[in-house]
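Take a look at the structure below.
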Amino acid sequence: MTPIYLGYTFTIQPTVPATEILIAELGYAGFESFTETETGVIAYIQKEEAFPNNTPLDFEHLLTDIQILKSDEFEISYTAQEIEQVNWNEEWEKNFDPIEVDGRCAVRAPFHEKTDVEFDIVIEPKMSFGTGHHETTHMMIKHLLKLDITDKKTLDMGCGTGVLAILAEMKGAHPIDAIDIDNWCYLNSIENAERNNRKHITVYEGDASLLKDKAYDLVIANINRNILLQDIATYAACLSSGGILLLSGFYTEDIALITEKCNENGLYFVGNYERNNWVACKFEKRTS
């Protein structure tokens with residue numbers, strides 16, 4: 001039986017950076033797929049997941065916890081409707097272009113032509129996050145390209161499509177744990193690791209509570225500011241002395257707050273990349 005989806009069409013002013021924030025919040029609220037438009041974004045969620053057992057439809061109810069809708073910085077309106085069937089492959093194929101980072105790493109779909117780069121990553125993003133198009137993933141790739149991570153035990157926290165874990169293994173890191181709280185991301189990361197013939201990535205479904213008694217040389221966490229602030233102490237506890245922590249999913253104005261929390265846990269700022277006000281920071285664990 002073909003599932004029935006609910007489609008929310010959002011009109012956003014200004015679209016940057018509001019669209020990316022809205023997509024992230026909707027993803028945590030259970031929305032499964034997104035199509036960006038010139039004026040905003042269309043978000044999809046299965047009707048049965050949102051309103052099980054023929055619960056009466058209440059379109060507004062699903063947006064109760066979406067904080068950006070309450071912000072005075074943006075004007076966001078929406079319409080919602082039932083959609084009988086969506087060809088997801090067709091939707092993302094229309095909107096997913098291959099990318100290249102620093103001429104060394106390409107992220108593409110199977111139907112894109114292979115290019116002559118050092119690290120060629122093939123993914124089927126489907127409904128997951130982290131294709132490399134978003135500023136944060138793009139900058140985390142830049143960080144990884146600069147690092148010597150041969151034989152480094154690595155964690156990709158909030159792995160999305162698994163693209164950062166895949167690149168880490170291509171650069172010699174192992175073993176690698178990849179964790180995401182979203183079931184679709186968990187399944188998609190497994191699929192993409194297999195597609196890229198990665199043998200040293202283990203994918204888990206869950207959150208930072210899975211990190212008890214774990215130890216890593218490199219921790220990659222591309223999530224959002226609030227989750228990072230909540231979990232930085234946990235990352236620090238499982239990071240070896242001299243280990244590297246890469247953080248992204250927040251804005252330039254958040255660097256001071258993130259850095260303060262890192263300093264409290266023996267993690268010290270090394271540098272960052274910035275792209276359209278998004279940042280990706282590098283921290284190092286020191287004993288003093």
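Labels for the structure tokens follow display order: chains A, B, ..., residues from 1 in each chain, ligands from 1.
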From a DSSP pass on the backbone, collect the residues of region 37-267 of chain A flagged as alpha helix (DSSP H) and hand them back as a PyMOL selection string. chain A and resi 47-50+88-95+135-146+163-170+183-195+225-237+255-264
Mind dumping a table of every region 12-90 of chain A residue within 10 Å of region 181-192 of chain A, with the nearest atom pair and its distance in Å to one decimal, using only C-alpha atoms, sorted by chain and rising number, as a Markdown table?
```
| residue | atom | partner | partner_atom | distance |
| --- | --- | --- | --- | --- |
| A:Gly27 | CA | A:Asp182 | CA | 8.6 |
| A:Tyr28 | CA | A:Asp182 | CA | 7.9 |
| A:Gly30 | CA | A:Asp182 | CA | 8.6 |
| A:Glu32 | CA | A:Trp184 | CA | 8.1 |
```
Members of region 6-187 of chain A assigned strand (DSSP E) by DSSP, as a PyMOL selection string: chain A and resi 6-13+33-36+40-46+75-83+99-101+105-108+119-122+154-157+176-180
Nearest-residue call for Ile121 (chain A), choices A:Thr259, A:Thr136, A:Asn197, A:Thr150, using only C-alpha atoms: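 Looking only at the distances to Ile121 (chain A), the closest residue turns out to be A:Asn197.
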Between A:Thr154, A:Gln67, A:Thr11, A:Thr161, which residue has the minimum interatomic distance to His200 (chain A), considering only C-alpha atoms? A:Thr154
Report the distance between CA of Leu26 (chain A) and CA of Phe96 (chain A) in Å, rounded to one decimal place.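 The value is 19.6 Å.
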Surrounding residues of Val41 (chain A) excluding itself and chain neighbours under 6 positions, 12 Å, only C-alpha atoms, as a PyMOL selection string: chain A and resi 7-13+15-16+18-24+26+33-35+76-79+95
Which neighbours of Ala280 (chain A) fall inside 7 Å, counting only C-alpha atoms, when residues of the same chain fewer than 2 positions from it are skipped, and could you give them as a PyMOL selection string? chain A and resi 136+139-140+246-248+272-274+282
Considering only C-alpha atoms, state which residue in the set A:Phe111, A:Phe74, A:Tyr235, A:Tyr251 is at the smallest distance from Glu124 (chain A).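 Using only C-alpha atoms, the shortest distance to Glu124 (chain A) belongs to A:Phe111.
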Do you know which residues are at most 12 Å from Gln81 (chain A) counting only C-alpha atoms, after dropping those on the same chain fewer than 5 positions away, and could you put them as JSON, numbers by chain? {"A": [4, 5, 6, 7, 8, 9, 10, 42, 43, 44, 45, 46, 47, 57, 58, 59, 60]}
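Atom to atom, CA of Glu169 (chain A) and CA of Glu113 (chain A) stand 22.5 Å apart.
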Interatomic distance, CA of Ala50 (chain A) to CA of Ala29 (chain A) (Å, one decimal): 9.7 Å
List the spatial neighbours of Asp151 (chain A) as a ChimeraX atom specification - criterion: any atom at most 7 Å away, only C-alpha atoms, same-chain residues fewer than 3 positions off excluded. /A:172-174
Selection to disk with all heavy atoms, as a compact mmCIF listing (two decimals), in the first residue's frame:
```txt
# COMPACT_ATOMS: atom_id res chain seq x y z
N GLY A 172 42.02 7.01 5.86
CA GLY A 172 42.82 6.11 6.69
C GLY A 172 42.37 5.93 8.12
O GLY A 172 43.00 5.18 8.87
N ALA A 173 41.31 6.62 8.53
CA ALA A 173 40.83 6.46 9.90
C ALA A 173 40.18 5.08 10.08
O ALA A 173 39.53 4.57 9.17
CB ALA A 173 39.83 7.54 10.25
N HIS A 174 40.34 4.51 11.25
CA HIS A 174 39.65 3.25 11.60
C HIS A 174 39.98 2.90 13.05
O HIS A 174 41.07 3.25 13.52
CB HIS A 174 40.06 2.11 10.65
CG HIS A 174 41.47 1.61 10.86
ND1 HIS A 174 41.79 0.64 11.78
CD2 HIS A 174 42.63 1.98 10.28
CE1 HIS A 174 43.10 0.41 11.75
NE2 HIS A 174 43.62 1.22 10.86
```
